[in-house]
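**Student:** First, the structure itself, so that you have it in front of you.
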Amino acid sequence: MKISIIGVGLIGGSIALKLKEKKLVDFVYGIDNNKGNLKEALALNIIDKEMDLESGIKDSDLIIIAIPVDAAREILPVVLDSISDSQTVMDVGSTKAGVVNSAKDHPKRSRFVAFHPMWGTENHGPKSAIGESFSGKAGVICNREESANDALELVQKVVESLDMHLIYMNAEAHDVHTAYISHISHITSYALANTVLEKEKEEETIFQLASSGFSSTVRLAKSHPEMWVPIFKQNKENVLDVLNEHISQLRKFKSALEKENFEYLGELIENANKIRGILDK
């Protein structure tokens with residue numbers, strides 16, 4: 001099978017590596033506006049040939065859109081305009097409703113499968129691609145009833161080859177849940193990093209005293225705005241909802257400290273500990 005990856009960065013590159021390893025695909029075209037990414041992806045054997053959008057679409061059985069979600073919304077109808085009834089298109093964006101809606105009235109909507117692999121790191125570019133990165137993680141297919149059976153079956157095979165476990169959701173529900181388990185984590189990390197940078201002017205002190213807990217908490221603050229601003233933009237209402245709740249929780253901690261109500265502070269922490277029972281299952 002021949003595939004085209006539109007966006008040969010972290011996610012697109014990791015998918016290509018894994019599908020090659022599993023021998024599900026025998027040829028990968030790379031499509032990317034960043035010529036440096038294409039050169040690097042070729043050198044790393046992530047792709048076999050760089051192509052322009054039109055040629056890459058024409059020669060592929062499966063087209064994978066792996067670019068920021070705002071750009072994915074724009075390019076999806078263009079890609080669907082150019083494919084035959086035997087080709088399949090999938091995306092890997094972190095928000096789904098906007099992407100799905102961009103193709104809802106397209107005559108070839110059924111050739112598209114909306115997909116989100118629940119994995120990512122703060123790194124970017126082909127050099128950060130890891131073939132085994134998806135193993136054991138959740139792979140979410142949204143609005144499967146809107147996709148043709150053969151297109152859905154192909155994407156299911158891709159997800160299985162990535163060693164992910166499949167979950168089916170509608171796009172709106174997906175965006176609500178990811179706001180709570182992913183998007184707010186990034187905002188919190190950015191805010192904490194900015195807080196430390198504002199209050200601690202000694203860079204060497206940050207480096208010397210940073211504990212593993214601090215480093216893990218702010219790790220996501222290394223993630224690039226070119227990816228995350230579009231995610232926040234596309235999922236604005238859900239992110240605002242969870243952000244308001246997060247601010248409310250921070251105020252509870254602030255109030256407990258201001259009033260020296262350490263019993264209540266302990267109750268807040270004890271309640272938060274319940275998350276362990278969920279995550280350690």
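In the structure tokens, each chain is lettered A, B, ... as it comes, each chain's residues begin at 1, and ligands are numbered from 1 in order of appearance.
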Which parts of segment 26-151 of chain A does DSSP call helix (DSSP H, G or I) when run on the backbone here, written out as a PyMOL selection string?
**Tutor:** chain A and resi 35-43+53-58+69-82+97-102+109-111+126-128+144-146+149-151
**Student:** Hey, what's within 7 Å of Met51 of chain A if we count only C-alpha atoms and toss same-chain stuff fewer than 3 positions away? As a VMD selection string, please?
**Tutor:** chain A and resid 29 to 31 55 to 56
**Student:** Export N, CA, C and O atoms of the chosen residues as a compact mmCIF listing (two decimals), in the first residue's frame?
**Tutor:**
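Generated output (part.txt):
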```
# COMPACT_ATOMS: atom_id res chain seq x y z
N TYR A 29 4.99 8.64 0.62
CA TYR A 29 5.26 9.96 0.05
C TYR A 29 5.18 10.99 1.17
O TYR A 29 4.30 10.93 2.04
N GLY A 30 6.08 11.95 1.14
CA GLY A 30 6.06 13.03 2.11
C GLY A 30 5.66 14.34 1.46
O GLY A 30 6.18 14.71 0.40
N ILE A 31 4.69 15.03 2.07
CA ILE A 31 4.22 16.32 1.58
C ILE A 31 4.34 17.31 2.74
O ILE A 31 3.75 17.10 3.80
N SER A 55 0.37 15.54 -6.74
CA SER A 55 0.95 14.27 -7.15
C SER A 55 0.89 13.24 -6.03
O SER A 55 0.62 12.05 -6.26
N GLY A 56 1.14 13.70 -4.81
CA GLY A 56 1.11 12.79 -3.68
C GLY A 56 -0.26 12.19 -3.44
O GLY A 56 -0.39 11.01 -3.14
```
**Student:** What lies within 12 Å of segment 227-229 of chain A using only C-alpha atoms, ignoring chain neighbours under 5 positions off, as an MDAnalysis selection string?
**Tutor:** chainID A and resid 7 9:11 66:72 93:95 120:125 182:187 190 220:222 234:236 239
**Student:** Among segment 33-240 of chain A, which ones does DSSP place in strand (DSSP E or B), written as a PDB file with N, CA and C atoms, in the first residue's frame?
**Tutor:**
```
ATOM      1  N   LYS A  49       9.900   9.365  -0.693  1.00  0.00           N
ATOM      2  CA  LYS A  49       9.989  10.376  -1.743  1.00  0.00           C
ATOM      3  C   LYS A  49       9.180  11.595  -1.342  1.00  0.00           C
ATOM      4  N   GLU A  50       9.708  12.778  -1.601  1.00  0.00           N
ATOM      5  CA  GLU A  50       8.926  13.987  -1.362  1.00  0.00           C
ATOM      6  C   GLU A  50       8.102  14.309  -2.603  1.00  0.00           C
ATOM      7  N   LEU A  62      -3.891   5.811   0.718  1.00  0.00           N
ATOM      8  CA  LEU A  62      -4.307   6.462   1.962  1.00  0.00           C
ATOM      9  C   LEU A  62      -3.546   7.766   2.108  1.00  0.00           C
ATOM     10  N   ILE A  63      -4.275   8.836   2.429  1.00  0.00           N
ATOM     11  CA  ILE A  63      -3.660  10.141   2.680  1.00  0.00           C
ATOM     12  C   ILE A  63      -3.875  10.469   4.141  1.00  0.00           C
ATOM     13  N   ILE A  64      -2.787  10.743   4.864  1.00  0.00           N
ATOM     14  CA  ILE A  64      -2.857  11.059   6.289  1.00  0.00           C
ATOM     15  C   ILE A  64      -2.507  12.528   6.484  1.00  0.00           C
ATOM     16  N   ILE A  65      -3.447  13.289   7.015  1.00  0.00           N
ATOM     17  CA  ILE A  65      -3.246  14.721   7.268  1.00  0.00           C
ATOM     18  C   ILE A  65      -2.722  14.883   8.689  1.00  0.00           C
ATOM     19  N   THR A  88      -8.706   6.742   0.562  1.00  0.00           N
ATOM     20  CA  THR A  88      -9.151   7.074   1.916  1.00  0.00           C
ATOM     21  C   THR A  88      -8.302   8.207   2.473  1.00  0.00           C
ATOM     22  N   VAL A  89      -8.940   9.086   3.234  1.00  0.00           N
ATOM     23  CA  VAL A  89      -8.256  10.201   3.887  1.00  0.00           C
ATOM     24  C   VAL A  89      -8.509  10.106   5.388  1.00  0.00           C
ATOM     25  N   MET A  90      -7.478  10.324   6.178  1.00  0.00           N
ATOM     26  CA  MET A  90      -7.635  10.398   7.630  1.00  0.00           C
ATOM     27  C   MET A  90      -6.812  11.562   8.158  1.00  0.00           C
ATOM     28  N   ASP A  91      -7.216  12.091   9.300  1.00  0.00           N
ATOM     29  CA  ASP A  91      -6.413  13.122   9.948  1.00  0.00           C
ATOM     30  C   ASP A  91      -6.002  12.606  11.320  1.00  0.00           C
ATOM     31  N   PHE A 112     -13.522  10.011   4.212  1.00  0.00           N
ATOM     32  CA  PHE A 112     -12.726  10.589   5.297  1.00  0.00           C
ATOM     33  C   PHE A 112     -13.050   9.908   6.621  1.00  0.00           C
ATOM     34  N   VAL A 113     -11.984   9.622   7.389  1.00  0.00           N
ATOM     35  CA  VAL A 113     -12.133   9.073   8.737  1.00  0.00           C
ATOM     36  C   VAL A 113     -11.397   9.997   9.702  1.00  0.00           C
ATOM     37  N   ALA A 114     -12.131  10.502  10.692  1.00  0.00           N
ATOM     38  CA  ALA A 114     -11.549  11.410  11.684  1.00  0.00           C
ATOM     39  C   ALA A 114     -10.904  10.595  12.800  1.00  0.00           C
ATOM     40  N   PHE A 115      -9.622  10.836  13.030  1.00  0.00           N
ATOM     41  CA  PHE A 115      -8.865  10.007  13.973  1.00  0.00           C
ATOM     42  C   PHE A 115      -7.967  10.877  14.850  1.00  0.00           C
ATOM     43  N   HIS A 116      -7.820  10.467  16.106  1.00  0.00           N
ATOM     44  CA  HIS A 116      -6.904  11.145  17.024  1.00  0.00           C
ATOM     45  C   HIS A 116      -6.110  10.115  17.819  1.00  0.00           C
ATOM     46  N   PRO A 117      -4.806   9.996  17.549  1.00  0.00           N
ATOM     47  CA  PRO A 117      -3.967   9.130  18.381  1.00  0.00           C
ATOM     48  C   PRO A 117      -3.629   9.861  19.681  1.00  0.00           C
ATOM     49  N   ALA A 138      -4.515   4.961  23.456  1.00  0.00           N
ATOM     50  CA  ALA A 138      -5.853   4.972  22.859  1.00  0.00           C
ATOM     51  C   ALA A 138      -5.826   5.653  21.499  1.00  0.00           C
ATOM     52  N   GLY A 139      -6.550   5.083  20.556  1.00  0.00           N
ATOM     53  CA  GLY A 139      -6.750   5.691  19.251  1.00  0.00           C
ATOM     54  C   GLY A 139      -8.235   5.937  19.055  1.00  0.00           C
ATOM     55  N   VAL A 140      -8.619   7.193  18.884  1.00  0.00           N
ATOM     56  CA  VAL A 140     -10.039   7.553  18.836  1.00  0.00           C
ATOM     57  C   VAL A 140     -10.488   7.816  17.398  1.00  0.00           C
ATOM     58  N   ILE A 141     -11.495   7.091  16.966  1.00  0.00           N
ATOM     59  CA  ILE A 141     -12.145   7.358  15.682  1.00  0.00           C
ATOM     60  C   ILE A 141     -13.471   8.042  15.976  1.00  0.00           C
ATOM     61  N   CYS A 142     -13.691   9.177  15.324  1.00  0.00           N
ATOM     62  CA  CYS A 142     -14.898   9.962  15.578  1.00  0.00           C
ATOM     63  C   CYS A 142     -15.874   9.880  14.407  1.00  0.00           C
ATOM     64  N   HIS A 165      -5.313   0.781  21.141  1.00  0.00           N
ATOM     65  CA  HIS A 165      -6.647   0.231  21.345  1.00  0.00           C
ATOM     66  C   HIS A 165      -7.678   1.267  20.898  1.00  0.00           C
ATOM     67  N   LEU A 166      -8.653   0.798  20.160  1.00  0.00           N
ATOM     68  CA  LEU A 166      -9.624   1.674  19.500  1.00  0.00           C
ATOM     69  C   LEU A 166     -10.739   2.119  20.430  1.00  0.00           C
ATOM     70  N   ILE A 167     -11.095   3.379  20.301  1.00  0.00           N
ATOM     71  CA  ILE A 167     -12.254   3.950  20.987  1.00  0.00           C
ATOM     72  C   ILE A 167     -13.057   4.715  19.941  1.00  0.00           C
ATOM     73  N   TYR A 168     -14.380   4.604  20.017  1.00  0.00           N
ATOM     74  CA  TYR A 168     -15.244   5.333  19.086  1.00  0.00           C
ATOM     75  C   TYR A 168     -16.030   6.392  19.859  1.00  0.00           C
ATOM     76  N   MET A 169     -16.052   7.615  19.325  1.00  0.00           N
ATOM     77  CA  MET A 169     -16.758   8.721  19.970  1.00  0.00           C
ATOM     78  C   MET A 169     -17.322   9.632  18.893  1.00  0.00           C
TER      79      MET A 169
END
```
**Student:** Taking only C-alpha atoms into account, which of A:Ala103, A:Glu132, A:Ala41, A:Ile231 comes nearest Ile15 of chain A?
**Tutor:**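 That would be A:Glu132, the residue with the smallest distance to Ile15 of chain A.
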**Student:** Atom CA of Glu263 of chain A to atom CA of Ser189 of chain A: how many Å, to one decimal?
**Tutor:**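 Interatomic distance, atom CA of Glu263 of chain A to atom CA of Ser189 of chain A: 27.4 Å.
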**Student:** Nearest to Val92 of chain A: which of A:Ala148, A:Val28, A:Ile6, A:Leu42 is it, counting only C-alpha atoms?
**Tutor:**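 Closest to Val92 of chain A, using only C-alpha atoms: A:Ile6.
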**Student:** Which residue out of A:Leu24, A:Ile275, A:Val8, A:Ala256 has the minimum interatomic distance to Leu162 of chain A when only C-alpha atoms are used?
**Tutor:**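 Answer, going by the shortest atom-to-atom distance: A:Leu24.
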